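Participant: Mind having a look at this structure? Questions to follow.
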Amino acid sequence: MKIHHVGYLAKNLEKSAAKFLELGYEVERPCKYDPIRKINIEFLKNGDYRVELIQPMSEESPMFPLLKRFKNTPYHFCYEVEDVEIAAKELSEKGYTVIQEPEIAPCIDDRRVVFMNNISMGIIELVETR
Amino acid sequence: MTREEIFGKLNEVFRDVFEDDDITVSDATTADDIEDWDSLEHINLINAIEQEFGIKFNMGQIVSMKNVGEMVSIIESKLS
């Protein structure tokens with residue numbers, strides 16, 4: 001599976017972005033609010049590598065407990081798939097659990113994404129290629 | 001699998017997930033009784049249980065289980 005991005009939790013997106021830019025990353029998509037997950041998101045690129053900075057904007061955000069525990073840190077890989085329903089079903093049969101049902105991602109052109117977890121892998125995200 | 005056998009396997013899963021060999025769960029056990037059982041570990045626990053018993057919970061079941069007794073009843077129904 002091709003990696004689309006690495007998700008990176010940020011307590012303060014602006015401050016974290018500044019540290020990434022110091023290391024040579026460039027802003028690919030400026031900060032935008034995702035009302036479904038109550039998070040701010042900014043995409044950065046460094047060559048072929050894409051980082052998704054995520055700042056939970058409310059304690060109701062599903063990402064808030066992750067930030068609370070892990071602070072500023074990478075926490076998921078996102079993989080490109082043709083169809084999230086089919087891919088989620090296949091991974092479900094390989095021992096993954098859906099933790100957020102398929103839903104559009106406003107910050108990735110409204111493409112559908114799904115979040116899954118496996119105790120030996122941690123959290124992964126799947127995003128549709130179109 | 002009897003309810004007792006389910007509890008036996010479930011205890012092993014809980015001990016593994018929470019890295020505590022002293023855990024013994026009962027019908028009344030809730031997240032309040034196990035220090036590290038928060039929303040994040042709940043996700044890992046559910047995944048570990050699914051793999052141990054070869055079952056799948058639905059999203060409604062994952063978020064609505066009130067105690068281990070309810071969890072065992074759901075497992076029991078899926079295995080029958």
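So you can find residues: chains in the structure tokens are A, B, ... in the order shown, residues in each start at 1, and ligands are numbered from 1 in order.
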Write out as a PDB file with all heavy atoms, in the first residue's frame each polymer residue whose atoms come within 8 Å of range 78-95 of chain A, counting only C-alpha atoms; drop sequence neighbours fewer than 4 positions from it.

Facilitator:
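Below is the file that was written, selection-v4.pdb:
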```pdb
ATOM      1  N   MET A   1       0.839  -1.207   0.000  1.00  0.00           N
ATOM      2  CA  MET A   1       0.000   0.000   0.000  1.00  0.00           C
ATOM      3  C   MET A   1       0.874   1.257   0.000  1.00  0.00           C
ATOM      4  O   MET A   1       1.834   1.338   0.755  1.00  0.00           O
ATOM      5  CB  MET A   1      -0.855   0.032   1.279  1.00  0.00           C
ATOM      6  CG  MET A   1      -2.068  -0.843   1.221  1.00  0.00           C
ATOM      7  SD  MET A   1      -2.917  -0.772   2.827  1.00  0.00           S
ATOM      8  CE  MET A   1      -4.564  -1.139   2.322  1.00  0.00           C
ATOM      9  N   LYS A   2       0.512   2.204  -0.851  1.00  0.00           N
ATOM     10  CA  LYS A   2       1.311   3.417  -0.956  1.00  0.00           C
ATOM     11  C   LYS A   2       0.958   4.363   0.203  1.00  0.00           C
ATOM     12  O   LYS A   2      -0.224   4.590   0.502  1.00  0.00           O
ATOM     13  CB  LYS A   2       1.031   4.096  -2.291  1.00  0.00           C
ATOM     14  CG  LYS A   2       1.928   5.279  -2.554  1.00  0.00           C
ATOM     15  CD  LYS A   2       1.555   5.973  -3.868  1.00  0.00           C
ATOM     16  CE  LYS A   2       2.349   7.268  -3.996  1.00  0.00           C
ATOM     17  NZ  LYS A   2       1.835   8.126  -5.062  1.00  0.00           N
ATOM     18  N   ILE A   3       1.990   4.930   0.816  1.00  0.00           N
ATOM     19  CA  ILE A   3       1.750   5.866   1.917  1.00  0.00           C
ATOM     20  C   ILE A   3       1.318   7.214   1.355  1.00  0.00           C
ATOM     21  O   ILE A   3       1.966   7.754   0.448  1.00  0.00           O
ATOM     22  CB  ILE A   3       3.022   6.033   2.771  1.00  0.00           C
ATOM     23  CG1 ILE A   3       3.371   4.714   3.478  1.00  0.00           C
ATOM     24  CG2 ILE A   3       2.828   7.150   3.808  1.00  0.00           C
ATOM     25  CD1 ILE A   3       4.704   4.741   4.193  1.00  0.00           C
ATOM     26  N   HIS A   4       0.226   7.745   1.884  1.00  0.00           N
ATOM     27  CA  HIS A   4      -0.229   9.093   1.497  1.00  0.00           C
ATOM     28  C   HIS A   4       0.404  10.134   2.404  1.00  0.00           C
ATOM     29  O   HIS A   4       0.887  11.161   1.938  1.00  0.00           O
ATOM     30  CB  HIS A   4      -1.757   9.176   1.561  1.00  0.00           C
ATOM     31  CG  HIS A   4      -2.310  10.516   1.152  1.00  0.00           C
ATOM     32  ND1 HIS A   4      -2.513  11.541   2.051  1.00  0.00           N
ATOM     33  CD2 HIS A   4      -2.667  11.003  -0.071  1.00  0.00           C
ATOM     34  CE1 HIS A   4      -2.992  12.594   1.399  1.00  0.00           C
ATOM     35  NE2 HIS A   4      -3.095  12.295   0.119  1.00  0.00           N
ATOM     36  N   HIS A   5       0.375   9.876   3.705  1.00  0.00           N
ATOM     37  CA  HIS A   5       1.000  10.817   4.643  1.00  0.00           C
ATOM     38  C   HIS A   5       1.238  10.160   5.999  1.00  0.00           C
ATOM     39  O   HIS A   5       0.752   9.066   6.261  1.00  0.00           O
ATOM     40  CB  HIS A   5       0.120  12.070   4.834  1.00  0.00           C
ATOM     41  CG  HIS A   5      -1.191  11.800   5.523  1.00  0.00           C
ATOM     42  ND1 HIS A   5      -2.388  11.756   4.864  1.00  0.00           N
ATOM     43  CD2 HIS A   5      -1.500  11.576   6.832  1.00  0.00           C
ATOM     44  CE1 HIS A   5      -3.374  11.518   5.712  1.00  0.00           C
ATOM     45  NE2 HIS A   5      -2.857  11.397   6.924  1.00  0.00           N
ATOM     46  N   VAL A   6       1.995  10.855   6.817  1.00  0.00           N
ATOM     47  CA  VAL A   6       2.151  10.487   8.219  1.00  0.00           C
ATOM     48  C   VAL A   6       1.400  11.527   9.050  1.00  0.00           C
ATOM     49  O   VAL A   6       1.618  12.734   8.884  1.00  0.00           O
ATOM     50  CB  VAL A   6       3.644  10.471   8.640  1.00  0.00           C
ATOM     51  CG1 VAL A   6       3.775  10.211  10.142  1.00  0.00           C
ATOM     52  CG2 VAL A   6       4.412   9.427   7.850  1.00  0.00           C
ATOM     53  N   GLY A   7       0.496  11.067   9.890  1.00  0.00           N
ATOM     54  CA  GLY A   7      -0.269  11.980  10.752  1.00  0.00           C
ATOM     55  C   GLY A   7       0.539  12.330  11.987  1.00  0.00           C
ATOM     56  O   GLY A   7       1.130  11.455  12.627  1.00  0.00           O
ATOM     57  N   PRO A 102     -16.129   4.978   7.761  1.00  0.00           N
ATOM     58  CA  PRO A 102     -15.779   5.791   6.589  1.00  0.00           C
ATOM     59  C   PRO A 102     -16.551   7.103   6.562  1.00  0.00           C
ATOM     60  O   PRO A 102     -17.754   7.127   6.803  1.00  0.00           O
ATOM     61  CB  PRO A 102     -16.177   4.884   5.415  1.00  0.00           C
ATOM     62  CG  PRO A 102     -16.029   3.500   5.941  1.00  0.00           C
ATOM     63  CD  PRO A 102     -16.451   3.581   7.382  1.00  0.00           C
ATOM     64  N   ARG A 112     -13.015  10.094   0.903  1.00  0.00           N
ATOM     65  CA  ARG A 112     -13.432   9.317   2.069  1.00  0.00           C
ATOM     66  C   ARG A 112     -12.218   8.686   2.758  1.00  0.00           C
ATOM     67  O   ARG A 112     -11.281   8.224   2.101  1.00  0.00           O
ATOM     68  CB  ARG A 112     -14.419   8.223   1.670  1.00  0.00           C
ATOM     69  CG  ARG A 112     -15.781   8.793   1.266  1.00  0.00           C
ATOM     70  CD  ARG A 112     -16.827   7.723   1.221  1.00  0.00           C
ATOM     71  NE  ARG A 112     -16.405   6.570   0.454  1.00  0.00           N
ATOM     72  CZ  ARG A 112     -16.940   5.360   0.583  1.00  0.00           C
ATOM     73  NH1 ARG A 112     -17.900   5.160   1.453  1.00  0.00           N
ATOM     74  NH2 ARG A 112     -16.525   4.358  -0.153  1.00  0.00           N
ATOM     75  N   VAL A 113     -12.258   8.688   4.087  1.00  0.00           N
ATOM     76  CA  VAL A 113     -11.194   8.063   4.866  1.00  0.00           C
ATOM     77  C   VAL A 113     -11.832   7.157   5.916  1.00  0.00           C
ATOM     78  O   VAL A 113     -12.999   7.312   6.272  1.00  0.00           O
ATOM     79  CB  VAL A 113     -10.288   9.106   5.572  1.00  0.00           C
ATOM     80  CG1 VAL A 113      -9.631  10.032   4.565  1.00  0.00           C
ATOM     81  CG2 VAL A 113     -11.063   9.899   6.604  1.00  0.00           C
ATOM     82  N   VAL A 114     -11.036   6.206   6.402  1.00  0.00           N
ATOM     83  CA  VAL A 114     -11.478   5.371   7.514  1.00  0.00           C
ATOM     84  C   VAL A 114     -10.273   5.147   8.426  1.00  0.00           C
ATOM     85  O   VAL A 114      -9.140   5.059   7.940  1.00  0.00           O
ATOM     86  CB  VAL A 114     -12.061   4.019   7.008  1.00  0.00           C
ATOM     87  CG1 VAL A 114     -11.023   3.195   6.269  1.00  0.00           C
ATOM     88  CG2 VAL A 114     -12.662   3.204   8.150  1.00  0.00           C
ATOM     89  N   MET A 116      -8.506   2.750  11.372  1.00  0.00           N
ATOM     90  CA  MET A 116      -8.549   1.386  11.909  1.00  0.00           C
ATOM     91  C   MET A 116      -7.423   1.208  12.914  1.00  0.00           C
ATOM     92  O   MET A 116      -6.459   1.974  12.935  1.00  0.00           O
ATOM     93  CB  MET A 116      -8.413   0.357  10.776  1.00  0.00           C
ATOM     94  CG  MET A 116      -9.438   0.546   9.674  1.00  0.00           C
ATOM     95  SD  MET A 116      -9.399  -0.739   8.419  1.00  0.00           S
ATOM     96  CE  MET A 116     -10.343  -2.043   9.225  1.00  0.00           C
ATOM     97  N   ASN A 118      -5.013  -1.894  15.081  1.00  0.00           N
ATOM     98  CA  ASN A 118      -4.607  -3.261  15.427  1.00  0.00           C
ATOM     99  C   ASN A 118      -3.632  -3.123  16.584  1.00  0.00           C
ATOM    100  O   ASN A 118      -2.760  -2.251  16.558  1.00  0.00           O
ATOM    101  CB  ASN A 118      -3.940  -3.948  14.225  1.00  0.00           C
ATOM    102  CG  ASN A 118      -3.360  -5.287  14.606  1.00  0.00           C
ATOM    103  OD1 ASN A 118      -2.249  -5.364  15.126  1.00  0.00           O
ATOM    104  ND2 ASN A 118      -4.094  -6.347  14.366  1.00  0.00           N
ATOM    105  N   ILE A 124      -4.053   3.169  11.896  1.00  0.00           N
ATOM    106  CA  ILE A 124      -3.773   3.507  10.503  1.00  0.00           C
ATOM    107  C   ILE A 124      -5.001   4.199   9.910  1.00  0.00           C
ATOM    108  O   ILE A 124      -6.115   4.045  10.413  1.00  0.00           O
ATOM    109  CB  ILE A 124      -3.396   2.281   9.621  1.00  0.00           C
ATOM    110  CG1 ILE A 124      -4.578   1.319   9.497  1.00  0.00           C
ATOM    111  CG2 ILE A 124      -2.166   1.584  10.161  1.00  0.00           C
ATOM    112  CD1 ILE A 124      -4.362   0.274   8.405  1.00  0.00           C
ATOM    113  N   GLU A 125      -4.765   4.974   8.860  1.00  0.00           N
ATOM    114  CA  GLU A 125      -5.852   5.629   8.140  1.00  0.00           C
ATOM    115  C   GLU A 125      -5.795   5.166   6.690  1.00  0.00           C
ATOM    116  O   GLU A 125      -4.693   4.930   6.164  1.00  0.00           O
ATOM    117  CB  GLU A 125      -5.677   7.165   8.200  1.00  0.00           C
ATOM    118  CG  GLU A 125      -6.736   7.957   7.451  1.00  0.00           C
ATOM    119  CD  GLU A 125      -6.478   9.476   7.468  1.00  0.00           C
ATOM    120  OE1 GLU A 125      -5.374   9.904   7.885  1.00  0.00           O
ATOM    121  OE2 GLU A 125      -7.384  10.228   7.057  1.00  0.00           O
ATOM    122  N   LEU A 126      -6.940   5.003   6.085  1.00  0.00           N
ATOM    123  CA  LEU A 126      -7.008   4.697   4.652  1.00  0.00           C
ATOM    124  C   LEU A 126      -7.698   5.867   3.962  1.00  0.00           C
ATOM    125  O   LEU A 126      -8.711   6.357   4.470  1.00  0.00           O
ATOM    126  CB  LEU A 126      -7.809   3.417   4.409  1.00  0.00           C
ATOM    127  CG  LEU A 126      -7.366   2.161   5.159  1.00  0.00           C
ATOM    128  CD1 LEU A 126      -8.302   0.998   4.856  1.00  0.00           C
ATOM    129  CD2 LEU A 126      -5.931   1.782   4.805  1.00  0.00           C
ATOM    130  N   VAL A 127      -7.168   6.306   2.834  1.00  0.00           N
ATOM    131  CA  VAL A 127      -7.803   7.392   2.073  1.00  0.00           C
ATOM    132  C   VAL A 127      -7.999   6.946   0.642  1.00  0.00           C
ATOM    133  O   VAL A 127      -7.125   6.273   0.069  1.00  0.00           O
ATOM    134  CB  VAL A 127      -6.958   8.700   2.123  1.00  0.00           C
ATOM    135  CG1 VAL A 127      -5.560   8.487   1.552  1.00  0.00           C
ATOM    136  CG2 VAL A 127      -7.653   9.846   1.386  1.00  0.00           C
ATOM    137  N   GLU A 128      -9.158   7.293   0.086  1.00  0.00           N
ATOM    138  CA  GLU A 128      -9.419   6.910  -1.303  1.00  0.00           C
ATOM    139  C   GLU A 128      -8.575   7.749  -2.255  1.00  0.00           C
ATOM    140  O   GLU A 128      -8.356   8.939  -2.021  1.00  0.00           O
ATOM    141  CB  GLU A 128     -10.901   7.050  -1.626  1.00  0.00           C
ATOM    142  CG  GLU A 128     -11.714   5.931  -1.002  1.00  0.00           C
ATOM    143  CD  GLU A 128     -13.185   5.947  -1.391  1.00  0.00           C
ATOM    144  OE1 GLU A 128     -13.668   6.986  -1.875  1.00  0.00           O
ATOM    145  OE2 GLU A 128     -13.844   4.919  -1.194  1.00  0.00           O
ATOM    146  N   THR A 129      -8.140   7.124  -3.352  1.00  0.00           N
ATOM    147  CA  THR A 129      -7.257   7.832  -4.280  1.00  0.00           C
ATOM    148  C   THR A 129      -8.025   8.858  -5.105  1.00  0.00           C
ATOM    149  O   THR A 129      -7.441   9.714  -5.738  1.00  0.00           O
ATOM    150  CB  THR A 129      -6.591   6.821  -5.248  1.00  0.00           C
ATOM    151  OG1 THR A 129      -7.589   5.949  -5.752  1.00  0.00           O
ATOM    152  CG2 THR A 129      -5.515   6.037  -4.529  1.00  0.00           C
ATOM    153  N   ARG A 130      -9.354   8.748  -5.133  1.00  0.00           N
ATOM    154  CA  ARG A 130     -10.139   9.721  -5.915  1.00  0.00           C
ATOM    155  C   ARG A 130     -11.363  10.142  -5.120  1.00  0.00           C
ATOM    156  O   ARG A 130     -11.749   9.490  -4.175  1.00  0.00           O
ATOM    157  CB  ARG A 130     -10.547   9.119  -7.239  1.00  0.00           C
ATOM    158  CG  ARG A 130     -11.212   7.770  -7.052  1.00  0.00           C
ATOM    159  CD  ARG A 130     -11.450   7.067  -8.368  1.00  0.00           C
ATOM    160  NE  ARG A 130     -11.611   5.625  -8.166  1.00  0.00           N
ATOM    161  CZ  ARG A 130     -12.674   5.066  -7.605  1.00  0.00           C
ATOM    162  NH1 ARG A 130     -13.666   5.805  -7.195  1.00  0.00           N
ATOM    163  NH2 ARG A 130     -12.762   3.759  -7.447  1.00  0.00           N
TER     164      ARG A 130
ATOM    165  N   ASN B  47      -9.796  -4.736  20.044  1.00  0.00           N
ATOM    166  CA  ASN B  47      -9.072  -5.408  18.964  1.00  0.00           C
ATOM    167  C   ASN B  47      -8.486  -6.744  19.444  1.00  0.00           C
ATOM    168  O   ASN B  47      -8.557  -7.755  18.744  1.00  0.00           O
ATOM    169  CB  ASN B  47      -7.961  -4.495  18.433  1.00  0.00           C
ATOM    170  CG  ASN B  47      -7.200  -5.130  17.274  1.00  0.00           C
ATOM    171  OD1 ASN B  47      -6.094  -5.614  17.453  1.00  0.00           O
ATOM    172  ND2 ASN B  47      -7.790  -5.167  16.099  1.00  0.00           N
ATOM    173  N   GLU B  50     -11.320  -9.265  19.830  1.00  0.00           N
ATOM    174  CA  GLU B  50     -11.775  -9.737  18.510  1.00  0.00           C
ATOM    175  C   GLU B  50     -10.842 -10.817  17.976  1.00  0.00           C
ATOM    176  O   GLU B  50     -11.286 -11.831  17.438  1.00  0.00           O
ATOM    177  CB  GLU B  50     -11.822  -8.559  17.524  1.00  0.00           C
ATOM    178  CG  GLU B  50     -12.996  -7.624  17.738  1.00  0.00           C
ATOM    179  CD  GLU B  50     -13.084  -6.517  16.679  1.00  0.00           C
ATOM    180  OE1 GLU B  50     -12.085  -6.275  15.970  1.00  0.00           O
ATOM    181  OE2 GLU B  50     -14.138  -5.899  16.581  1.00  0.00           O
ATOM    182  N   GLN B  51      -9.537 -10.582  18.133  1.00  0.00           N
ATOM    183  CA  GLN B  51      -8.585 -11.551  17.601  1.00  0.00           C
ATOM    184  C   GLN B  51      -8.565 -12.835  18.426  1.00  0.00           C
ATOM    185  O   GLN B  51      -8.441 -13.930  17.885  1.00  0.00           O
ATOM    186  CB  GLN B  51      -7.194 -10.923  17.540  1.00  0.00           C
ATOM    187  CG  GLN B  51      -7.126  -9.799  16.512  1.00  0.00           C
ATOM    188  CD  GLN B  51      -5.713  -9.311  16.298  1.00  0.00           C
ATOM    189  OE1 GLN B  51      -4.921  -9.956  15.645  1.00  0.00           O
ATOM    190  NE2 GLN B  51      -5.410  -8.165  16.860  1.00  0.00           N
TER     191      GLN B  51
END
```

Participant: Determine which residues of chain B sit within 12 Å of chain A, taking into account only C-alpha atoms, and present them as a ChimeraX atom specification.

Facilitator: /B:13,16-18,36,38-63

Participant: Keeping only N, CA, C and O atoms, write those residues as a compact mmCIF listing (two decimals), in the first residue's frame.

Facilitator:
```
# COMPACT_ATOMS: atom_id res chain seq x y z
N VAL B 13 -6.62 -11.93 28.16
CA VAL B 13 -6.55 -10.77 27.26
C VAL B 13 -6.35 -9.49 28.07
O VAL B 13 -5.48 -8.66 27.76
N ASP B 16 -2.86 -9.24 29.43
CA ASP B 16 -1.90 -8.93 28.37
C ASP B 16 -1.99 -7.45 27.95
O ASP B 16 -0.98 -6.75 27.88
N VAL B 17 -3.22 -6.98 27.72
CA VAL B 17 -3.39 -5.61 27.24
C VAL B 17 -2.94 -4.59 28.29
O VAL B 17 -2.26 -3.61 27.98
N PHE B 18 -3.33 -4.85 29.55
CA PHE B 18 -3.02 -3.87 30.60
C PHE B 18 -1.72 -4.21 31.35
O PHE B 18 -1.37 -3.53 32.32
N ASP B 36 -5.66 1.78 33.83
CA ASP B 36 -5.25 2.21 32.48
C ASP B 36 -6.36 2.07 31.43
O ASP B 36 -6.11 2.29 30.24
N ASP B 38 -8.70 3.45 29.56
CA ASP B 38 -9.29 4.69 29.05
C ASP B 38 -9.76 4.46 27.62
O ASP B 38 -9.73 3.33 27.12
N SER B 39 -10.18 5.53 26.95
CA SER B 39 -10.75 5.36 25.61
C SER B 39 -9.73 4.81 24.61
O SER B 39 -10.09 4.08 23.69
N LEU B 40 -8.46 5.13 24.81
CA LEU B 40 -7.44 4.64 23.89
C LEU B 40 -7.17 3.14 24.10
O LEU B 40 -7.09 2.37 23.15
N GLU B 41 -7.06 2.75 25.38
CA GLU B 41 -6.82 1.33 25.65
C GLU B 41 -8.06 0.49 25.34
O GLU B 41 -7.96 -0.71 25.06
N HIS B 42 -9.24 1.12 25.40
CA HIS B 42 -10.46 0.40 25.03
C HIS B 42 -10.39 -0.08 23.58
O HIS B 42 -10.79 -1.20 23.26
N ILE B 43 -9.82 0.78 22.73
CA ILE B 43 -9.66 0.42 21.32
C ILE B 43 -8.74 -0.80 21.17
O ILE B 43 -9.02 -1.72 20.43
N ASN B 44 -7.64 -0.79 21.92
CA ASN B 44 -6.72 -1.94 21.87
C ASN B 44 -7.36 -3.19 22.47
O ASN B 44 -7.18 -4.30 21.97
N LEU B 45 -8.10 -2.99 23.56
CA LEU B 45 -8.76 -4.13 24.23
C LEU B 45 -9.74 -4.80 23.27
O LEU B 45 -9.75 -6.03 23.14
N ILE B 46 -10.57 -3.99 22.62
CA ILE B 46 -11.57 -4.53 21.69
C ILE B 46 -10.88 -5.31 20.57
O ILE B 46 -11.28 -6.42 20.21
N ASN B 47 -9.80 -4.74 20.04
CA ASN B 47 -9.07 -5.41 18.96
C ASN B 47 -8.49 -6.74 19.44
O ASN B 47 -8.56 -7.76 18.74
N ALA B 48 -7.92 -6.75 20.65
CA ALA B 48 -7.33 -7.97 21.19
C ALA B 48 -8.41 -9.04 21.43
O ALA B 48 -8.19 -10.23 21.16
N ILE B 49 -9.57 -8.61 21.91
CA ILE B 49 -10.67 -9.57 22.15
C ILE B 49 -11.17 -10.14 20.82
O ILE B 49 -11.41 -11.34 20.69
N GLU B 50 -11.32 -9.27 19.83
CA GLU B 50 -11.78 -9.74 18.51
C GLU B 50 -10.84 -10.82 17.98
O GLU B 50 -11.29 -11.83 17.44
N GLN B 51 -9.54 -10.58 18.13
CA GLN B 51 -8.59 -11.55 17.60
C GLN B 51 -8.57 -12.84 18.43
O GLN B 51 -8.44 -13.93 17.89
N GLU B 52 -8.69 -12.72 19.73
CA GLU B 52 -8.66 -13.89 20.60
C GLU B 52 -9.85 -14.82 20.34
O GLU B 52 -9.71 -16.03 20.29
N PHE B 53 -11.03 -14.20 20.16
CA PHE B 53 -12.25 -15.01 20.01
C PHE B 53 -12.66 -15.18 18.54
O PHE B 53 -13.62 -15.91 18.26
N GLY B 54 -11.97 -14.53 17.61
CA GLY B 54 -12.32 -14.65 16.20
C GLY B 54 -13.69 -14.06 15.90
O GLY B 54 -14.47 -14.61 15.12
N ILE B 55 -14.00 -12.92 16.53
CA ILE B 55 -15.30 -12.27 16.33
C ILE B 55 -15.08 -10.81 15.93
O ILE B 55 -13.95 -10.31 15.98
N LYS B 56 -16.18 -10.13 15.56
CA LYS B 56 -16.13 -8.69 15.27
C LYS B 56 -17.26 -8.00 16.02
O LYS B 56 -18.42 -8.41 15.92
N PHE B 57 -16.92 -6.98 16.75
CA PHE B 57 -17.94 -6.14 17.38
C PHE B 57 -18.38 -5.10 16.36
O PHE B 57 -17.60 -4.70 15.50
N ASN B 58 -19.63 -4.62 16.48
CA ASN B 58 -19.99 -3.46 15.66
C ASN B 58 -19.75 -2.19 16.47
O ASN B 58 -19.54 -2.23 17.68
N MET B 59 -19.79 -1.05 15.76
CA MET B 59 -19.44 0.22 16.40
C MET B 59 -20.34 0.51 17.61
O MET B 59 -19.88 0.98 18.65
N GLY B 60 -21.62 0.21 17.47
CA GLY B 60 -22.56 0.45 18.57
C GLY B 60 -22.18 -0.34 19.80
O GLY B 60 -22.23 0.17 20.93
N GLN B 61 -21.80 -1.60 19.61
CA GLN B 61 -21.40 -2.44 20.75
C GLN B 61 -20.12 -1.92 21.40
O GLN B 61 -19.99 -1.91 22.62
N ILE B 62 -19.19 -1.46 20.56
CA ILE B 62 -17.90 -1.00 21.09
C ILE B 62 -18.08 0.18 22.04
O ILE B 62 -17.45 0.26 23.09
N VAL B 63 -18.99 1.10 21.68
CA VAL B 63 -19.13 2.31 22.50
C VAL B 63 -20.16 2.17 23.62
O VAL B 63 -20.20 3.01 24.52
```

Participant: Distance CA of Glu52 in chain A-CA of Ala105 in chain A, one decimal place?

Facilitator: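 Between CA of Glu52 in chain A and CA of Ala105 in chain A the gap is 12.4 Å.
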
Participant: Find, counting only C-alpha atoms, the residue in B:Val25, B:Thr30, B:Phe14, B:Glu19 that gets nearest to Lys66 in chain B.

Facilitator: B:Thr30

Participant: Interatomic distance between CA of Arg3 in chain B and CA of Glu76 in chain B?

Facilitator: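 Calculated distance between CA of Arg3 in chain B and CA of Glu76 in chain B is 7.0 Å.
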
Participant: For CA of Asn67 in chain B and CA of Ala28 in chain B, quote the distance in Å rounded to one decimal.

Facilitator: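 Going from CA of Asn67 in chain B over to CA of Ala28 in chain B covers 5.9 Å.
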
Participant: Using the chain letters and numbers from this document, which residues of chain A does DSSP assign to helix (DSSP H, G or I), as an MDAnalysis selection string?

Facilitator: chainID A and resid 13:22 64:70 84:93 106:108
